[in-house]
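Asks: Can you keep this structure in mind? I'll have questions shortly.
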Amino acid sequence: MSGPLLKVENLTKHFPLGAGLLKKQAPVVRAVEDLSFSVEAGETLCIVGESGCGKSTVARLLMRLSDPTAGRVLLDGTDISQLKKRELREWRRRIQLVFQDPYSSLNPRLTAGQIITEPVENFERLTRQERQALAADLLGKVGMAPEAMHRLPSQFSGGQRQRLGIARALALKPSLIIADEAVSALDVSVQAQILNLLMDLQQQMGLAFVFISHDLGVVEHIGHRVAVMYLGRIVELAPCEALFAKPVHPYTEALIAAAPVPDPTRVRLEVPIEGEVPSPVNPPSGCAFHPRCPLAIERCRMEVPSLTPMSDGRVVACHVRVPAPGVSATLAQAS
Ligand code: SF4
């Protein structure tokens with residue numbers, strides 16, 4: 001099949017807050033606004049942003065755990081946001097989720113073997129031997145011994161439990177894994193092991209990942225491309241190396257400047273970012289970042305900037321840094 005594995009077009013999700021008696025229209029939380037991106041087979045697209053930027057809502061929409069208000073999610077060309085329940089069940093085999101919290105995402109009463117083979121048994125009946133062979137194979141893929149299949153989740157460390165979560169996600173041989181803050185509950189050394197495991201599995205199995213994280217260190221380690229979200233919208237989407245070497249959007253710049261730098265020789269930019277993320281119920285007009293942006297001009301208050309392609313393959317939404325075609329930077333500053 002040609003074309004990207006995953007294509008997201010104008011994806012939007014609003015949550016109504018409930019109307020008052022005298023209000024005609026209920027206020028809405030604008031969690032995700034007009035998101036478009038694609039993911040190729042074997043690629044890792046990272047989605048970053050502060051908490052409340054909408055990235056976990058994107059994960060739920062991609063898994064169809066929540067229905068979009070508008071837009072489409074195409075997997076191999078099929079719009080999964082329109083599938084009926086029964087058709088969706090088959091397509092769910094292709095997309096799996098690795099949860100954030102390995103402590104609460106595993107049923108404490110089931111053995112590791114039962115946990116990781118359960119997704120397959122939801123589709124087909126396995127004999128005892130088939131179940132054991134599958135469990136041993138999946139455990140092997142995540143670097144665990146076959147004997148582990150007889151143990152309960154409480155008998156594993158946090159890192160081992162996350163390996164079990166990954167083994168369970170692999171059981172149905174998916175082509176895409178959504179990892180929502182998949183290593184944020186783990187110690188730093190264990191984080192590195194799990195990230196390396198995911199990268200190895202990607203190479204061996206040609207898996208694609210949508211990796212959602214607030215941790216830029218993790219994203220820099222694992223990502224091929226990075227989408228930066230602010231208040232429900234993508235503001236910059238770029239190849240990972242280019243984004244970290246030279247962020248273009250003022251928000252990306254501020255995020256990278258605020259992240260801890262493990263390398264003492266690396267110079268950190270001084271980019272102040274003040275204030276809190278505004279409420280998605282009542283987002284600022286124009287560019288939603290304008291109340292916090294040191295570069296904001298009058299136009300930023302009036303007009304939502306559109307994502308504009310740059311020569312190095314990234315897209316950026318900023319009136320000042322990347323004026324839309326036909327508007328020069330000087331004009332944009334002056335408007
Ligand atoms: Fe800042 Fe304006 Fe660019 Fe938004 S559009 S990031 S407010 S300069």
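Letters A, B, ... go to the chains of the structure tokens in the order shown; residues in each chain start at 1; ligands are counted from 1 in the same order.
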Hey, which residues come within 10 Å of ligand 1 if we count only C-alpha atoms and all ligand atoms? Could you give them as a ChimeraX atom specification?
Replies: /A:235,248-252,286-306,316-323,332-333
Asks: Among range 36-261 of chain A, which ones does DSSP place in strand (DSSP E or B), written as number ranges by chain?
Replies: A: 36-39, 44-48, 70-75, 78-79, 95-98, 176-180, 208-213, 225-230, 233-239
Asks: Keeping C-alpha atoms, export the residues of the selection given above as a PDB file, in the first residue's frame.
Replies:
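Below is the file again-v3.pdb, written as the result:
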ATOM      1  CA  SER A  36      -3.117  17.306  10.463  1.00  0.00           C
ATOM      2  CA  PHE A  37      -0.067  15.042  10.298  1.00  0.00           C
ATOM      3  CA  SER A  38       1.047  11.695   8.933  1.00  0.00           C
ATOM      4  CA  VAL A  39       3.214   8.811  10.119  1.00  0.00           C
ATOM      5  CA  THR A  44       8.437   7.518  15.293  1.00  0.00           C
ATOM      6  CA  LEU A  45       6.466  10.733  15.463  1.00  0.00           C
ATOM      7  CA  CYS A  46       6.688  12.366  18.882  1.00  0.00           C
ATOM      8  CA  ILE A  47       4.025  14.740  20.162  1.00  0.00           C
ATOM      9  CA  VAL A  48       5.204  17.158  22.864  1.00  0.00           C
ATOM     10  CA  ALA A  70     -14.518  16.818  13.028  1.00  0.00           C
ATOM     11  CA  GLY A  71     -11.750  15.465  10.835  1.00  0.00           C
ATOM     12  CA  ARG A  72     -10.499  12.042   9.823  1.00  0.00           C
ATOM     13  CA  VAL A  73      -8.024   9.409  11.029  1.00  0.00           C
ATOM     14  CA  LEU A  74      -6.911   7.232   8.093  1.00  0.00           C
ATOM     15  CA  LEU A  75      -5.028   4.007   8.700  1.00  0.00           C
ATOM     16  CA  THR A  78      -9.330   3.640   5.725  1.00  0.00           C
ATOM     17  CA  ASP A  79     -11.070   6.266   7.833  1.00  0.00           C
ATOM     18  CA  ILE A  95      -3.150  -0.009  16.497  1.00  0.00           C
ATOM     19  CA  GLN A  96      -2.157  -0.785  20.061  1.00  0.00           C
ATOM     20  CA  LEU A  97      -1.588   1.391  23.100  1.00  0.00           C
ATOM     21  CA  VAL A  98       1.199   1.283  25.661  1.00  0.00           C
ATOM     22  CA  LEU A 176       1.278   1.257  14.890  1.00  0.00           C
ATOM     23  CA  ILE A 177       1.806   1.678  18.624  1.00  0.00           C
ATOM     24  CA  ILE A 178       0.588   4.729  20.498  1.00  0.00           C
ATOM     25  CA  ALA A 179       2.801   5.240  23.544  1.00  0.00           C
ATOM     26  CA  ASP A 180       1.268   7.835  25.881  1.00  0.00           C
ATOM     27  CA  ALA A 208       5.532   2.908  13.674  1.00  0.00           C
ATOM     28  CA  PHE A 209       5.150   4.827  16.925  1.00  0.00           C
ATOM     29  CA  VAL A 210       3.209   7.891  17.943  1.00  0.00           C
ATOM     30  CA  PHE A 211       5.152   8.724  21.073  1.00  0.00           C
ATOM     31  CA  ILE A 212       3.471  11.223  23.369  1.00  0.00           C
ATOM     32  CA  SER A 213       5.645  12.831  26.014  1.00  0.00           C
ATOM     33  CA  ARG A 225       9.985  13.813  13.731  1.00  0.00           C
ATOM     34  CA  VAL A 226       8.439  15.955  16.455  1.00  0.00           C
ATOM     35  CA  ALA A 227       5.091  17.765  16.560  1.00  0.00           C
ATOM     36  CA  VAL A 228       4.931  20.533  19.168  1.00  0.00           C
ATOM     37  CA  MET A 229       1.406  21.235  20.438  1.00  0.00           C
ATOM     38  CA  TYR A 230       0.123  24.327  22.169  1.00  0.00           C
ATOM     39  CA  ARG A 233      -2.903  22.959  17.871  1.00  0.00           C
ATOM     40  CA  ILE A 234       0.379  21.918  16.267  1.00  0.00           C
ATOM     41  CA  VAL A 235       2.638  24.980  16.183  1.00  0.00           C
ATOM     42  CA  GLU A 236       5.760  23.324  14.754  1.00  0.00           C
ATOM     43  CA  LEU A 237       6.399  19.932  13.165  1.00  0.00           C
ATOM     44  CA  ALA A 238       9.970  19.150  12.203  1.00  0.00           C
ATOM     45  CA  PRO A 239      12.593  16.425  11.823  1.00  0.00           C
TER      46      PRO A 239
END
Asks: Between CA of Gly206 in chain A and CA of Glu87 in chain A, what is the distance, to one decimal in Å?
Replies: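 If I compute the distance from CA of Gly206 in chain A to CA of Glu87 in chain A, I get 24.4 Å.
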Asks: Of the candidates A:Met199, A:Pro102, A:Glu181, A:Leu110, which one gets nearest to Gln162 in chain A if we count only C-alpha atoms?
Replies: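 Result for the nearest residue to Gln162 in chain A: A:Pro102.
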Asks: List as a list in words the protein and nucleic acid residues near Ser104 in chain A, meaning an atom at most 12 Å away when only C-alpha atoms are counted, but skip any in the same chain fewer than 2 places from it.
Replies: Phe99, Gln100, Asp101, Pro102, Leu106, Asn107, Pro108, Arg109, Pro153, Ser154, Gly158, Arg161, Gln162, Gly165 and Ala185 of chain A
Asks: Using the chain letters and numbers from this document, which residues of range 117-162 of chain A does DSSP assign to alpha helix (DSSP H), as JSON, numbers by chain?
Replies: {"A": [117, 118, 119, 120, 121, 128, 129, 130, 131, 132, 133, 134, 135, 136, 137, 138, 139, 140, 141, 158, 159, 160, 161, 162]}
Asks: Write the residues of the preceding selection, restricted to N, CA and C atoms, as a PDB file, in the first residue's frame.
Replies:
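The resulting result_37.pdb:
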ATOM      1  N   THR A 117      -1.115 -12.685  26.580  1.00  0.00           N
ATOM      2  CA  THR A 117      -1.798 -13.426  25.508  1.00  0.00           C
ATOM      3  C   THR A 117      -3.283 -13.065  25.414  1.00  0.00           C
ATOM      4  N   GLU A 118      -3.773 -12.319  26.408  1.00  0.00           N
ATOM      5  CA  GLU A 118      -5.214 -11.981  26.440  1.00  0.00           C
ATOM      6  C   GLU A 118      -5.702 -11.306  25.147  1.00  0.00           C
ATOM      7  N   PRO A 119      -4.944 -10.323  24.578  1.00  0.00           N
ATOM      8  CA  PRO A 119      -5.450  -9.679  23.355  1.00  0.00           C
ATOM      9  C   PRO A 119      -5.706 -10.682  22.231  1.00  0.00           C
ATOM     10  N   VAL A 120      -4.841 -11.711  22.110  1.00  0.00           N
ATOM     11  CA  VAL A 120      -5.033 -12.709  21.042  1.00  0.00           C
ATOM     12  C   VAL A 120      -6.255 -13.559  21.363  1.00  0.00           C
ATOM     13  N   GLU A 121      -6.411 -13.891  22.648  1.00  0.00           N
ATOM     14  CA  GLU A 121      -7.546 -14.756  23.032  1.00  0.00           C
ATOM     15  C   GLU A 121      -8.886 -14.028  22.899  1.00  0.00           C
ATOM     16  N   ARG A 128      -3.580 -24.779  25.371  1.00  0.00           N
ATOM     17  CA  ARG A 128      -2.621 -24.458  26.438  1.00  0.00           C
ATOM     18  C   ARG A 128      -1.201 -24.318  25.860  1.00  0.00           C
ATOM     19  N   GLN A 129      -0.857 -25.267  24.966  1.00  0.00           N
ATOM     20  CA  GLN A 129       0.489 -25.231  24.372  1.00  0.00           C
ATOM     21  C   GLN A 129       0.675 -23.982  23.520  1.00  0.00           C
ATOM     22  N   GLU A 130      -0.356 -23.624  22.737  1.00  0.00           N
ATOM     23  CA  GLU A 130      -0.250 -22.424  21.880  1.00  0.00           C
ATOM     24  C   GLU A 130      -0.085 -21.174  22.752  1.00  0.00           C
ATOM     25  N   ARG A 131      -0.850 -21.136  23.844  1.00  0.00           N
ATOM     26  CA  ARG A 131      -0.773 -19.966  24.730  1.00  0.00           C
ATOM     27  C   ARG A 131       0.637 -19.844  25.327  1.00  0.00           C
ATOM     28  N   GLN A 132       1.192 -20.985  25.752  1.00  0.00           N
ATOM     29  CA  GLN A 132       2.522 -20.954  26.375  1.00  0.00           C
ATOM     30  C   GLN A 132       3.592 -20.574  25.354  1.00  0.00           C
ATOM     31  N   ALA A 133       3.436 -21.103  24.130  1.00  0.00           N
ATOM     32  CA  ALA A 133       4.426 -20.781  23.086  1.00  0.00           C
ATOM     33  C   ALA A 133       4.361 -19.290  22.745  1.00  0.00           C
ATOM     34  N   LEU A 134       3.128 -18.760  22.656  1.00  0.00           N
ATOM     35  CA  LEU A 134       2.969 -17.333  22.345  1.00  0.00           C
ATOM     36  C   LEU A 134       3.546 -16.476  23.470  1.00  0.00           C
ATOM     37  N   ALA A 135       3.240 -16.855  24.717  1.00  0.00           N
ATOM     38  CA  ALA A 135       3.743 -16.076  25.859  1.00  0.00           C
ATOM     39  C   ALA A 135       5.269 -16.079  25.876  1.00  0.00           C
ATOM     40  N   ALA A 136       5.867 -17.256  25.624  1.00  0.00           N
ATOM     41  CA  ALA A 136       7.337 -17.348  25.640  1.00  0.00           C
ATOM     42  C   ALA A 136       7.924 -16.486  24.526  1.00  0.00           C
ATOM     43  N   ASP A 137       7.287 -16.503  23.355  1.00  0.00           N
ATOM     44  CA  ASP A 137       7.775 -15.714  22.219  1.00  0.00           C
ATOM     45  C   ASP A 137       7.704 -14.213  22.536  1.00  0.00           C
ATOM     46  N   LEU A 138       6.553 -13.782  23.088  1.00  0.00           N
ATOM     47  CA  LEU A 138       6.380 -12.348  23.386  1.00  0.00           C
ATOM     48  C   LEU A 138       7.344 -11.908  24.490  1.00  0.00           C
ATOM     49  N   LEU A 139       7.522 -12.760  25.500  1.00  0.00           N
ATOM     50  CA  LEU A 139       8.459 -12.414  26.578  1.00  0.00           C
ATOM     51  C   LEU A 139       9.875 -12.290  26.010  1.00  0.00           C
ATOM     52  N   GLY A 140      10.223 -13.207  25.097  1.00  0.00           N
ATOM     53  CA  GLY A 140      11.546 -13.152  24.469  1.00  0.00           C
ATOM     54  C   GLY A 140      11.745 -11.837  23.724  1.00  0.00           C
ATOM     55  N   LYS A 141      10.686 -11.383  23.034  1.00  0.00           N
ATOM     56  CA  LYS A 141      10.794 -10.142  22.249  1.00  0.00           C
ATOM     57  C   LYS A 141      11.121  -8.942  23.152  1.00  0.00           C
ATOM     58  N   GLY A 158       9.141  -2.088  38.149  1.00  0.00           N
ATOM     59  CA  GLY A 158       8.434  -1.162  37.256  1.00  0.00           C
ATOM     60  C   GLY A 158       8.840  -1.344  35.799  1.00  0.00           C
ATOM     61  N   GLY A 159      10.160  -1.498  35.570  1.00  0.00           N
ATOM     62  CA  GLY A 159      10.655  -1.663  34.203  1.00  0.00           C
ATOM     63  C   GLY A 159      10.161  -2.959  33.589  1.00  0.00           C
ATOM     64  N   GLN A 160      10.167  -4.039  34.415  1.00  0.00           N
ATOM     65  CA  GLN A 160       9.680  -5.339  33.898  1.00  0.00           C
ATOM     66  C   GLN A 160       8.191  -5.263  33.581  1.00  0.00           C
ATOM     67  N   ARG A 161       7.449  -4.536  34.420  1.00  0.00           N
ATOM     68  CA  ARG A 161       6.002  -4.408  34.153  1.00  0.00           C
ATOM     69  C   ARG A 161       5.764  -3.636  32.857  1.00  0.00           C
ATOM     70  N   GLN A 162       6.610  -2.631  32.597  1.00  0.00           N
ATOM     71  CA  GLN A 162       6.422  -1.903  31.336  1.00  0.00           C
ATOM     72  C   GLN A 162       6.796  -2.794  30.156  1.00  0.00           C
TER      73      GLN A 162
END
Asks: Which residue, A:Lys7, A:Arg94, A:Lys246, A:Arg60, has the smallest gap to Ala169 in chain A when you use only C-alpha atoms?
Replies: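 Of all the options, A:Arg94 lies closest to Ala169 in chain A.
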Asks: Which residue, A:Ser56, A:Ser157, A:Ser279, A:Ser311, has the smallest gap to Val190 in chain A when you use only C-alpha atoms?
Replies: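 So, comparing all the options, the nearest one is A:Ser157.
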Asks: Using only C-alpha atoms, which of the listed residues (A:Leu231, A:Leu201, A:Ile256, A:Val28) sits closest to Val219 in chain A?
Replies: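 Ranked by minimum distance to Val219 in chain A, first place goes to A:Ile256.
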Asks: May I have the residues within 9 Å of range 10-19 of chain A as a list in words, using only C-alpha atoms and disregarding those fewer than 3 positions away in the same chain?
Replies: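 The residues satisfying every condition are Leu22, Lys23, Lys24, Gln25, Ala26, Pro27, Val28, Val29, Arg30, Ala31, Val32, Glu33, Asp34, Leu35, Ser36, Phe37, Thr57, Val58, Leu61, Ser66, Asp67, Pro68, Thr69, Ala70, Gly71, Arg72, Val73, Gly232 and Val281 of chain A.
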Asks: Go ahead and dump the residues you just picked, N, CA and C atoms, as a PDB file, in the first residue's frame.
Replies:
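The new file result-v4.pdb reads:
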ATOM      1  N   LEU A  22     -30.248  29.368  30.926  1.00  0.00           N
ATOM      2  CA  LEU A  22     -30.471  30.532  30.073  1.00  0.00           C
ATOM      3  C   LEU A  22     -29.509  30.599  28.907  1.00  0.00           C
ATOM      4  N   LYS A  23     -28.535  29.685  28.890  1.00  0.00           N
ATOM      5  CA  LYS A  23     -27.555  29.740  27.809  1.00  0.00           C
ATOM      6  C   LYS A  23     -28.035  28.900  26.647  1.00  0.00           C
ATOM      7  N   LYS A  24     -27.971  29.494  25.460  1.00  0.00           N
ATOM      8  CA  LYS A  24     -28.403  28.752  24.271  1.00  0.00           C
ATOM      9  C   LYS A  24     -27.342  27.727  23.889  1.00  0.00           C
ATOM     10  N   GLN A  25     -26.095  28.148  24.027  1.00  0.00           N
ATOM     11  CA  GLN A  25     -25.024  27.271  23.574  1.00  0.00           C
ATOM     12  C   GLN A  25     -24.096  26.930  24.738  1.00  0.00           C
ATOM     13  N   ALA A  26     -23.815  25.617  24.890  1.00  0.00           N
ATOM     14  CA  ALA A  26     -22.944  25.199  25.986  1.00  0.00           C
ATOM     15  C   ALA A  26     -21.509  25.623  25.692  1.00  0.00           C
ATOM     16  N   PRO A  27     -20.751  26.028  26.728  1.00  0.00           N
ATOM     17  CA  PRO A  27     -19.325  26.281  26.483  1.00  0.00           C
ATOM     18  C   PRO A  27     -18.620  24.963  26.155  1.00  0.00           C
ATOM     19  N   VAL A  28     -17.561  25.043  25.399  1.00  0.00           N
ATOM     20  CA  VAL A  28     -16.856  23.813  25.028  1.00  0.00           C
ATOM     21  C   VAL A  28     -15.376  23.918  25.381  1.00  0.00           C
ATOM     22  N   VAL A  29     -14.789  22.765  25.739  1.00  0.00           N
ATOM     23  CA  VAL A  29     -13.336  22.678  25.898  1.00  0.00           C
ATOM     24  C   VAL A  29     -12.788  22.331  24.520  1.00  0.00           C
ATOM     25  N   ARG A  30     -11.978  23.231  23.986  1.00  0.00           N
ATOM     26  CA  ARG A  30     -11.399  22.992  22.653  1.00  0.00           C
ATOM     27  C   ARG A  30     -10.093  22.229  22.834  1.00  0.00           C
ATOM     28  N   ALA A  31     -10.224  20.909  23.020  1.00  0.00           N
ATOM     29  CA  ALA A  31      -9.053  20.094  23.373  1.00  0.00           C
ATOM     30  C   ALA A  31      -8.099  19.916  22.203  1.00  0.00           C
ATOM     31  N   VAL A  32      -8.648  19.704  21.005  1.00  0.00           N
ATOM     32  CA  VAL A  32      -7.830  19.504  19.805  1.00  0.00           C
ATOM     33  C   VAL A  32      -8.454  20.296  18.665  1.00  0.00           C
ATOM     34  N   GLU A  33      -7.626  21.086  17.967  1.00  0.00           N
ATOM     35  CA  GLU A  33      -8.140  21.970  16.918  1.00  0.00           C
ATOM     36  C   GLU A  33      -7.414  21.726  15.600  1.00  0.00           C
ATOM     37  N   ASP A  34      -8.102  21.158  14.635  1.00  0.00           N
ATOM     38  CA  ASP A  34      -7.635  21.165  13.253  1.00  0.00           C
ATOM     39  C   ASP A  34      -6.215  20.595  13.085  1.00  0.00           C
ATOM     40  N   LEU A  35      -6.020  19.397  13.635  1.00  0.00           N
ATOM     41  CA  LEU A  35      -4.692  18.774  13.603  1.00  0.00           C
ATOM     42  C   LEU A  35      -4.526  17.957  12.329  1.00  0.00           C
ATOM     43  N   SER A  36      -3.419  18.142  11.636  1.00  0.00           N
ATOM     44  CA  SER A  36      -3.117  17.306  10.463  1.00  0.00           C
ATOM     45  C   SER A  36      -1.656  16.873  10.538  1.00  0.00           C
ATOM     46  N   PHE A  37      -1.437  15.571  10.375  1.00  0.00           N
ATOM     47  CA  PHE A  37      -0.067  15.042  10.298  1.00  0.00           C
ATOM     48  C   PHE A  37      -0.132  13.628   9.741  1.00  0.00           C
ATOM     49  N   THR A  57      -5.540  13.606  24.451  1.00  0.00           N
ATOM     50  CA  THR A  57      -6.801  13.516  23.693  1.00  0.00           C
ATOM     51  C   THR A  57      -6.503  13.000  22.287  1.00  0.00           C
ATOM     52  N   VAL A  58      -5.371  13.410  21.721  1.00  0.00           N
ATOM     53  CA  VAL A  58      -4.990  12.911  20.393  1.00  0.00           C
ATOM     54  C   VAL A  58      -4.825  11.393  20.454  1.00  0.00           C
ATOM     55  N   LEU A  61      -8.153   9.757  20.416  1.00  0.00           N
ATOM     56  CA  LEU A  61      -8.799   9.862  19.103  1.00  0.00           C
ATOM     57  C   LEU A  61      -8.178   8.877  18.108  1.00  0.00           C
ATOM     58  N   SER A  66     -12.364   7.708  21.646  1.00  0.00           N
ATOM     59  CA  SER A  66     -13.196   8.894  21.690  1.00  0.00           C
ATOM     60  C   SER A  66     -13.467   9.279  20.234  1.00  0.00           C
ATOM     61  N   ASP A  67     -14.680   9.766  19.950  1.00  0.00           N
ATOM     62  CA  ASP A  67     -15.011  10.131  18.573  1.00  0.00           C
ATOM     63  C   ASP A  67     -14.662  11.592  18.306  1.00  0.00           C
ATOM     64  N   PRO A  68     -14.108  11.890  17.128  1.00  0.00           N
ATOM     65  CA  PRO A  68     -13.750  13.279  16.847  1.00  0.00           C
ATOM     66  C   PRO A  68     -14.977  14.154  16.609  1.00  0.00           C
ATOM     67  N   THR A  69     -14.859  15.433  16.900  1.00  0.00           N
ATOM     68  CA  THR A  69     -15.901  16.404  16.559  1.00  0.00           C
ATOM     69  C   THR A  69     -15.879  16.652  15.049  1.00  0.00           C
ATOM     70  N   ALA A  70     -14.685  16.656  14.484  1.00  0.00           N
ATOM     71  CA  ALA A  70     -14.518  16.818  13.028  1.00  0.00           C
ATOM     72  C   ALA A  70     -13.180  16.211  12.638  1.00  0.00           C
ATOM     73  N   GLY A  71     -13.024  15.956  11.347  1.00  0.00           N
ATOM     74  CA  GLY A  71     -11.750  15.465  10.835  1.00  0.00           C
ATOM     75  C   GLY A  71     -11.720  13.952  10.674  1.00  0.00           C
ATOM     76  N   ARG A  72     -10.601  13.464  10.162  1.00  0.00           N
ATOM     77  CA  ARG A  72     -10.499  12.042   9.823  1.00  0.00           C
ATOM     78  C   ARG A  72      -9.182  11.459  10.345  1.00  0.00           C
ATOM     79  N   VAL A  73      -9.230  10.156  10.671  1.00  0.00           N
ATOM     80  CA  VAL A  73      -8.024   9.409  11.029  1.00  0.00           C
ATOM     81  C   VAL A  73      -7.952   8.234  10.060  1.00  0.00           C
ATOM     82  N   GLY A 232      -4.007  22.702  21.964  1.00  0.00           N
ATOM     83  CA  GLY A 232      -4.806  21.932  21.007  1.00  0.00           C
ATOM     84  C   GLY A 232      -4.350  21.997  19.570  1.00  0.00           C
ATOM     85  N   VAL A 281     -11.160  26.436  27.307  1.00  0.00           N
ATOM     86  CA  VAL A 281     -12.583  26.800  27.207  1.00  0.00           C
ATOM     87  C   VAL A 281     -12.696  28.181  26.574  1.00  0.00           C
TER      88      VAL A 281
END
Asks: Could you jot down the CA of Met310 in chain A to CA of Cys240 in chain A separation for me, Å, one decimal place?
Replies: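 Going from CA of Met310 in chain A over to CA of Cys240 in chain A, I get 14.7 Å.
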Asks: With only C-alpha atoms as the atoms that count, which of A:Cys53, A:Lys173, A:Arg125, A:Ala254 lies nearest to Pro283 in chain A?
Replies: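 Under the stated criterion, the closest residue is A:Cys53.
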Asks: Figure out the distance between CA of Gly217 in chain A and CA of Gln193 in chain A, please, to one decimal in Å.
Replies: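 Atom-to-atom, CA of Gln193 in chain A and CA of Gly217 in chain A are spaced 14.1 Å apart.
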Asks: Determine the nearest neighbour of Glu40 in chain A from the options A:Gly3, A:Gly275, A:Gly113, A:Pro174, counting only C-alpha atoms.
Replies: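 Nearest to Glu40 in chain A: A:Gly3.
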